[in-house]
$ cat target_8.json   # JSON, C-alpha atoms
[["chain", "number", "residue", "atom", "x", "y", "z"],
["A", 25, "LYS", "CA", 203.45, 79.63, 34.78],
["A", 26, "ARG", "CA", 201.26, 81.65, 37.14],
["A", 27, "LEU", "CA", 203.02, 84.31, 39.22],
["A", 28, "VAL", "CA", 200.26, 84.25, 41.86],
["A", 29, "PRO", "CA", 197.59, 81.71, 42.84],
["A", 30, "PRO", "CA", 193.93, 82.20, 41.80],
["A", 31, "GLY", "CA", 192.14, 85.03, 43.61],
["A", 32, "ILE", "CA", 189.78, 82.58, 45.30],
["A", 33, "PRO", "CA", 190.32, 78.84, 45.80],
["A", 34, "VAL", "CA", 188.81, 76.88, 42.92],
["A", 35, "GLU", "CA", 187.09, 74.51, 45.36],
["A", 36, "SER", "CA", 185.16, 77.41, 46.93],
["A", 37, "VAL", "CA", 183.20, 78.18, 43.75],
["A", 38, "PRO", "CA", 179.57, 77.09, 44.31],
["A", 39, "ALA", "CA", 178.01, 74.37, 42.18],
["A", 40, "HIS", "CA", 175.31, 76.71, 40.85],
["A", 41, "ALA", "CA", 177.77, 79.42, 39.67],
["A", 42, "PHE", "CA", 178.18, 80.44, 36.05],
["A", 43, "GLY", "CA", 181.19, 81.72, 34.18],
["A", 44, "VAL", "CA", 181.82, 83.79, 31.08],
["A", 45, "ILE", "CA", 184.73, 83.26, 28.71],
["A", 46, "SER", "CA", 185.87, 86.10, 26.47],
["A", 47, "HIS", "CA", 188.03, 84.16, 23.99],
["A", 48, "SER", "CA", 190.17, 81.08, 23.45],
["A", 49, "HIS", "CA", 193.67, 82.31, 24.38],
["A", 50, "TYR", "CA", 195.34, 80.15, 27.02],
["A", 51, "ASP", "CA", 195.50, 82.84, 29.69],
["A", 52, "HIS", "CA", 191.69, 83.20, 29.44],
["A", 53, "LEU", "CA", 190.58, 79.64, 28.74],
["A", 54, "ASP", "CA", 192.49, 77.14, 30.84],
["A", 55, "ALA", "CA", 191.57, 73.45, 30.64],
["A", 56, "TRP", "CA", 192.83, 72.67, 34.17],
["A", 57, "SER", "CA", 190.66, 75.44, 35.67],
["A", 58, "VAL", "CA", 187.53, 74.39, 33.79],
["A", 59, "GLU", "CA", 188.04, 70.76, 34.78],
["A", 60, "LYS", "CA", 188.61, 71.66, 38.48],
["A", 61, "LEU", "CA", 185.55, 73.92, 38.72],
["A", 62, "PRO", "CA", 182.18, 72.29, 39.51],
["A", 63, "ALA", "CA", 180.86, 70.16, 36.63],
["A", 64, "THR", "CA", 177.42, 71.66, 37.30],
["A", 65, "MET", "CA", 178.55, 75.21, 36.51],
["A", 66, "GLY", "CA", 177.00, 77.01, 33.57],
["A", 67, "TRP", "CA", 179.24, 78.55, 30.93],
["A", 68, "TYR", "CA", 178.59, 81.42, 28.50],
["A", 69, "VAL", "CA", 181.03, 81.47, 25.63],
["A", 70, "PRO", "CA", 181.45, 83.16, 22.25],
["A", 71, "LEU", "CA", 180.49, 81.25, 19.10],
["A", 72, "GLY", "CA", 182.64, 78.24, 18.34],
["A", 73, "LEU", "CA", 183.74, 77.32, 21.88],
["A", 74, "GLY", "CA", 180.79, 75.17, 22.96],
["A", 75, "ASP", "CA", 182.28, 71.90, 21.71],
["A", 76, "TRP", "CA", 185.52, 72.59, 23.62],
["A", 77, "PHE", "CA", 183.50, 72.61, 26.87],
["A", 78, "ARG", "CA", 181.33, 69.63, 25.94],
["A", 79, "ALA", "CA", 184.47, 67.60, 25.17],
["A", 80, "ARG", "CA", 185.43, 68.16, 28.81],
["A", 81, "GLY", "CA", 182.08, 66.95, 30.14],
["A", 82, "ARG", "CA", 180.59, 70.41, 30.60],
["A", 83, "SER", "CA", 177.08, 70.23, 29.15],
["A", 84, "ASP", "CA", 175.64, 73.48, 30.55],
["A", 85, "VAL", "CA", 177.22, 75.71, 27.93],
["A", 86, "THR", "CA", 175.59, 78.50, 25.91],
["A", 87, "GLU", "CA", 177.27, 79.93, 22.82],
["A", 88, "LEU", "CA", 176.36, 83.49, 21.89],
["A", 89, "ASP", "CA", 177.10, 85.73, 18.93],
["A", 90, "TRP", "CA", 177.75, 89.46, 19.32],
["A", 91, "TRP", "CA", 174.63, 91.33, 20.47],
["A", 92, "GLN", "CA", 172.86, 88.14, 21.59],
["A", 93, "SER", "CA", 171.61, 87.70, 25.15],
["A", 94, "ALA", "CA", 170.62, 84.75, 27.33],
["A", 95, "LYS", "CA", 168.75, 84.57, 30.63],
["A", 96, "ARG", "CA", 169.93, 82.65, 33.70],
["A", 97, "GLY", "CA", 167.65, 83.15, 36.65],
["A", 98, "ARG", "CA", 167.60, 86.87, 37.38],
["A", 99, "PHE", "CA", 170.64, 87.52, 35.16],
["A", 100, "THR", "CA", 170.68, 88.72, 31.55],
["A", 101, "ILE", "CA", 174.03, 87.87, 29.96],
["A", 102, "THR", "CA", 174.86, 89.77, 26.76],
["A", 103, "CYS", "CA", 177.73, 89.04, 24.38],
["A", 104, "LEU", "CA", 179.24, 92.22, 22.90],
["A", 105, "PRO", "CA", 182.00, 92.91, 20.35],
["A", 106, "SER", "CA", 185.57, 93.55, 21.39],
["A", 107, "GLN", "CA", 188.69, 94.40, 19.41],
["A", 108, "HIS", "CA", 190.73, 91.24, 19.72],
["A", 109, "TRP", "CA", 191.20, 87.81, 18.04],
["A", 110, "SER", "CA", 191.29, 84.10, 18.88],
["A", 111, "ARG", "CA", 193.60, 81.12, 18.41],
["A", 112, "ARG", "CA", 194.36, 77.79, 20.07],
["A", 113, "ILE", "CA", 196.16, 74.63, 19.01],
["A", 114, "GLU", "CA", 192.83, 72.93, 18.23],
["A", 115, "HIS", "CA", 191.36, 76.09, 16.64],
["A", 116, "GLY", "CA", 192.93, 78.15, 13.88],
["A", 117, "ILE", "CA", 193.20, 81.93, 13.89],
["A", 118, "ASP", "CA", 189.77, 83.51, 14.36],
["A", 119, "GLU", "CA", 187.88, 80.19, 14.02],
["A", 120, "THR", "CA", 186.08, 81.04, 17.27],
["A", 121, "LEU", "CA", 184.61, 84.38, 18.29],
["A", 122, "TRP", "CA", 185.96, 86.78, 20.95],
["A", 123, "CYS", "CA", 183.85, 89.17, 22.99],
["A", 124, "THR", "CA", 183.13, 91.28, 26.04],
["A", 125, "TRP", "CA", 180.19, 90.62, 28.38],
["A", 126, "LEU", "CA", 177.48, 92.70, 30.01],
["A", 127, "ILE", "CA", 175.92, 90.92, 32.98],
["A", 128, "ASP", "CA", 172.73, 92.49, 34.30],
["A", 129, "SER", "CA", 171.36, 91.16, 37.61],
["A", 130, "GLY", "CA", 168.23, 93.29, 37.41],
["A", 131, "VAL", "CA", 169.74, 95.44, 40.17],
["A", 132, "ARG", "CA", 173.30, 96.01, 38.95],
["A", 133, "ARG", "CA", 175.15, 95.89, 35.63],
["A", 134, "TYR", "CA", 178.64, 94.47, 35.29],
["A", 135, "PHE", "CA", 180.85, 94.89, 32.23],
["A", 136, "PHE", "CA", 183.62, 92.31, 31.73],
["A", 137, "ALA", "CA", 186.01, 93.22, 28.91],
["A", 138, "GLY", "CA", 188.21, 90.13, 28.65],
["A", 139, "ASP", "CA", 190.98, 91.26, 26.26],
["A", 140, "THR", "CA", 190.49, 94.15, 23.89],
["A", 141, "GLY", "CA", 192.15, 97.09, 22.28],
["A", 142, "TYR", "CA", 190.60, 100.49, 22.86],
["A", 143, "PHE", "CA", 187.84, 101.18, 20.32],
["A", 144, "HIS", "CA", 184.62, 103.13, 19.77],
["A", 145, "GLY", "CA", 182.53, 100.29, 21.19],
["A", 146, "PHE", "CA", 183.01, 101.48, 24.77],
["A", 147, "ALA", "CA", 181.24, 104.76, 24.06],
["A", 148, "GLU", "CA", 178.45, 102.86, 22.28],
["A", 149, "TYR", "CA", 178.03, 100.52, 25.26],
["A", 150, "GLY", "CA", 177.92, 103.54, 27.57],
["A", 151, "ARG", "CA", 175.13, 105.07, 25.48],
["A", 152, "ARG", "CA", 173.12, 101.83, 25.26],
["A", 153, "PHE", "CA", 173.61, 100.29, 28.69],
["A", 154, "ALA", "CA", 174.32, 103.04, 31.23],
["A", 155, "PRO", "CA", 174.21, 102.96, 34.13],
["A", 156, "ILE", "CA", 176.97, 100.36, 34.42],
["A", 157, "ASP", "CA", 177.87, 99.76, 38.04],
["A", 158, "VAL", "CA", 181.20, 97.94, 37.68],
["A", 159, "ALA", "CA", 183.55, 97.80, 34.68],
["A", 160, "MET", "CA", 186.21, 95.07, 34.80],
["A", 161, "LEU", "CA", 188.82, 96.27, 32.33],
["A", 162, "PRO", "CA", 192.24, 94.89, 31.32],
["A", 163, "ILE", "CA", 195.19, 97.08, 32.28],
["A", 164, "GLY", "CA", 198.18, 94.78, 31.61],
["A", 165, "ALA", "CA", 200.06, 93.08, 28.76],
["A", 166, "TYR", "CA", 200.37, 96.24, 26.68],
["A", 167, "GLU", "CA", 204.03, 96.68, 25.67],
["A", 168, "PRO", "CA", 205.40, 97.18, 23.09],
["A", 169, "ARG", "CA", 202.63, 99.49, 21.89],
["A", 170, "TRP", "CA", 203.49, 99.12, 18.19],
["A", 171, "PHE", "CA", 202.55, 95.45, 18.50],
["A", 172, "MET", "CA", 199.95, 95.37, 21.29],
["A", 173, "ARG", "CA", 197.90, 98.54, 20.64],
["A", 174, "ASP", "CA", 195.20, 96.92, 18.50],
["A", 175, "GLN", "CA", 194.60, 93.99, 20.86],
["A", 176, "HIS", "CA", 195.42, 95.13, 24.43],
["A", 177, "MET", "CA", 194.67, 98.46, 26.09],
["A", 178, "ASN", "CA", 197.27, 100.17, 28.21],
["A", 179, "PRO", "CA", 196.15, 101.55, 31.61],
["A", 180, "ALA", "CA", 195.40, 105.04, 30.26],
["A", 181, "GLU", "CA", 193.21, 103.57, 27.50],
["A", 182, "SER", "CA", 191.44, 101.37, 30.05],
["A", 183, "TYR", "CA", 190.70, 104.44, 32.15],
["A", 184, "GLN", "CA", 189.30, 106.16, 29.04],
["A", 185, "ALA", "CA", 187.18, 103.07, 28.33],
["A", 186, "PHE", "CA", 185.84, 103.27, 31.91],
["A", 187, "ARG", "CA", 184.84, 106.89, 31.29],
["A", 188, "ASP", "CA", 183.32, 106.01, 27.90],
["A", 189, "LEU", "CA", 181.26, 103.27, 29.55],
["A", 190, "ARG", "CA", 179.95, 105.80, 32.09],
["A", 191, "ALA", "CA", 180.58, 103.19, 34.75],
["A", 192, "SER", "CA", 180.51, 103.94, 38.48],
["A", 193, "HIS", "CA", 183.43, 101.71, 39.48],
["A", 194, "MET", "CA", 186.43, 100.20, 37.68],
["A", 195, "ILE", "CA", 188.34, 97.05, 38.51],
["A", 196, "GLY", "CA", 191.69, 96.76, 36.72],
["A", 197, "MET", "CA", 192.36, 93.17, 35.69],
["A", 198, "HIS", "CA", 194.62, 91.19, 33.35],
["A", 199, "TRP", "CA", 197.87, 92.06, 35.10],
["A", 200, "GLY", "CA", 200.30, 90.40, 37.49],
["A", 201, "THR", "CA", 199.16, 86.81, 36.91],
["A", 202, "PHE", "CA", 201.36, 85.87, 33.94],
["A", 203, "ASP", "CA", 204.47, 87.52, 32.50],
["A", 204, "LEU", "CA", 203.11, 87.99, 28.98],
["A", 205, "THR", "CA", 204.68, 91.11, 27.49],
["A", 206, "ASP", "CA", 207.54, 93.60, 27.84],
["A", 207, "GLU", "CA", 206.37, 95.71, 30.80],
["A", 208, "PRO", "CA", 207.08, 94.43, 34.34],
["A", 209, "PRO", "CA", 204.12, 92.35, 35.61],
["A", 210, "ASP", "CA", 203.48, 94.78, 38.49],
["A", 211, "GLU", "CA", 203.68, 98.03, 36.50],
["A", 212, "ALA", "CA", 200.04, 98.32, 35.36],
["A", 213, "PRO", "CA", 198.48, 99.53, 38.66],
["A", 214, "ARG", "CA", 201.07, 102.30, 38.96],
["A", 215, "ALA", "CA", 200.44, 103.37, 35.35],
["A", 216, "LEU", "CA", 196.68, 103.33, 35.99],
["A", 217, "ALA", "CA", 197.09, 105.50, 39.10],
["A", 218, "GLU", "CA", 199.11, 107.97, 37.03],
["A", 219, "ALA", "CA", 196.43, 108.04, 34.31],
["A", 220, "VAL", "CA", 193.72, 108.68, 36.91],
["A", 221, "ARG", "CA", 195.78, 111.51, 38.43]]
$ encode --input "target_8.json" --output "structure tokens"
Amino acid sequence: KRLVPPGIPVESVPAHAFGVISHSHYDHLDAWSVEKLPATMGWYVPLGLGDWFRARGRSDVTELDWWQSAKRGRFTITCLPSQHWSRRIEHGIDETLWCTWLIDSGVRRYFFAGDTGYFHGFAEYGRRFAPIDVAMLPIGAYEPRWFMRDQHMNPAESYQAFRDLRASHMIGMHWGTFDLTDEPPDEAPRALAEAVR
């Protein structure tokens, strides 16, 4: 169950919008949300998830492998590796790909991490793609570390990833929406502020 409503009303999303999906876990790929968003939206998804969207009447879907890019108007959308995994009832473990996204408008570059553990890829992306204007990085769902370390960054690791990416701005995400792990749902921003200090 959600702890807070969506950040913007679903009905306010324009018909020509596009979305990116990082992986198949239920807190990142929600059937209700996809079905309530405009049917004319475009979707960019990692390999193996295209049929899931088409089964829900969403035909404007592009599957990408790591390091592949697609164009949509002025945007270049690039699928990049992350350190995570995938699983859903209709898909077995790792039957579909997981990823991060670099979205380049031609004026600004946005990095969307989805879910990931901290790994050397952030420094590589910083070398290849800087300048990155905005890095959207997960800061929640990180305890206990012995279990979550390889798949979810804690706030200090997210801050290090931001620095590795050489990004100008960071938006902490993946916290406070669902109670997923052992830390309190509202702890992540405080831990991030401490890491930045």
$ residues_around --input "target_8.json" --residues "Arg112 in chain A" --least-positions-apart "3" --cutoff "9 Å" --atoms "all atoms listed in the file" --output "PDB file with C-alpha atoms, keeping the file's coordinate frame"
ATOM      1  CA  SER A  48     190.170  81.080  23.450  1.00  0.00           C
ATOM      2  CA  HIS A  49     193.670  82.310  24.380  1.00  0.00           C
ATOM      3  CA  TYR A  50     195.340  80.150  27.020  1.00  0.00           C
ATOM      4  CA  HIS A 115     191.360  76.090  16.640  1.00  0.00           C
ATOM      5  CA  GLY A 116     192.930  78.150  13.880  1.00  0.00           C
ATOM      6  CA  ILE A 117     193.200  81.930  13.890  1.00  0.00           C
TER       7      ILE A 117
END
$ closest_residue --input "target_8.json" --among "A:Ala185, A:Met172, A:Ile45, A:Leu27" --to "Asp210 in chain A" --atoms "all atoms listed in the file"
A:Leu27
$ closest_residue --input "target_8.json" --among "A:Arg111, A:His193, A:Lys60, A:Arg151" --to "Arg132 in chain A" --atoms "all atoms listed in the file"
A:His193
$ axis_aligned_box --input "target_8.json" --around "range 80-94 of chain A" --padding-each-side "4 Å" --output "AutoDock Vina command-line options"
--center_x 178.0 --center_y 79.1 --center_z 24.8 --size_x 22.8 --size_y 32.4 --size_z 19.7
$ residues_around --input "target_8.json" --residues "Trp199 in chain A" --least-positions-apart "6" --cutoff "8 Å" --atoms "all atoms listed in the file" --output "list in words"
Pro162, Ile163, Gly164, Ala165, Pro209, Asp210 and Ala212 of chain A
$ atom_distance --input "target_8.json" --atom1 "CA of Val34 in chain A" --atom2 "CA of Met65 in chain A"
12.2 Å
$ closest_residue --input "target_8.json" --among "A:Pro168, A:Trp125, A:Val158, A:Leu104" --to "Leu204 in chain A" --atoms "all atoms listed in the file"
A:Pro168
$ closest_residue --input "target_8.json" --among "A:Glu218, A:Asp75, A:Asp139, A:Asp128" --to "Ser110 in chain A" --atoms "all atoms listed in the file"
A:Asp139
$ atom_distance --input "target_8.json" --atom1 "CA of Ser106 in chain A" --atom2 "CA of Thr124 in chain A"
5.7 Å
$ closest_residue --input "target_8.json" --among "A:Trp122, A:Glu181, A:Met197, A:Pro155" --to "Gly141 in chain A" --atoms "all atoms listed in the file"
A:Glu181
$ residues_around --input "target_8.json" --residues "Pro105 in chain A" --least-positions-apart "3" --cutoff "12 Å" --atoms "all atoms listed in the file" --output "VMD selection string"
chain A and resid 46 to 47 70 to 71 88 to 92 102 108 to 109 121 to 126 136 to 146 148 to 149
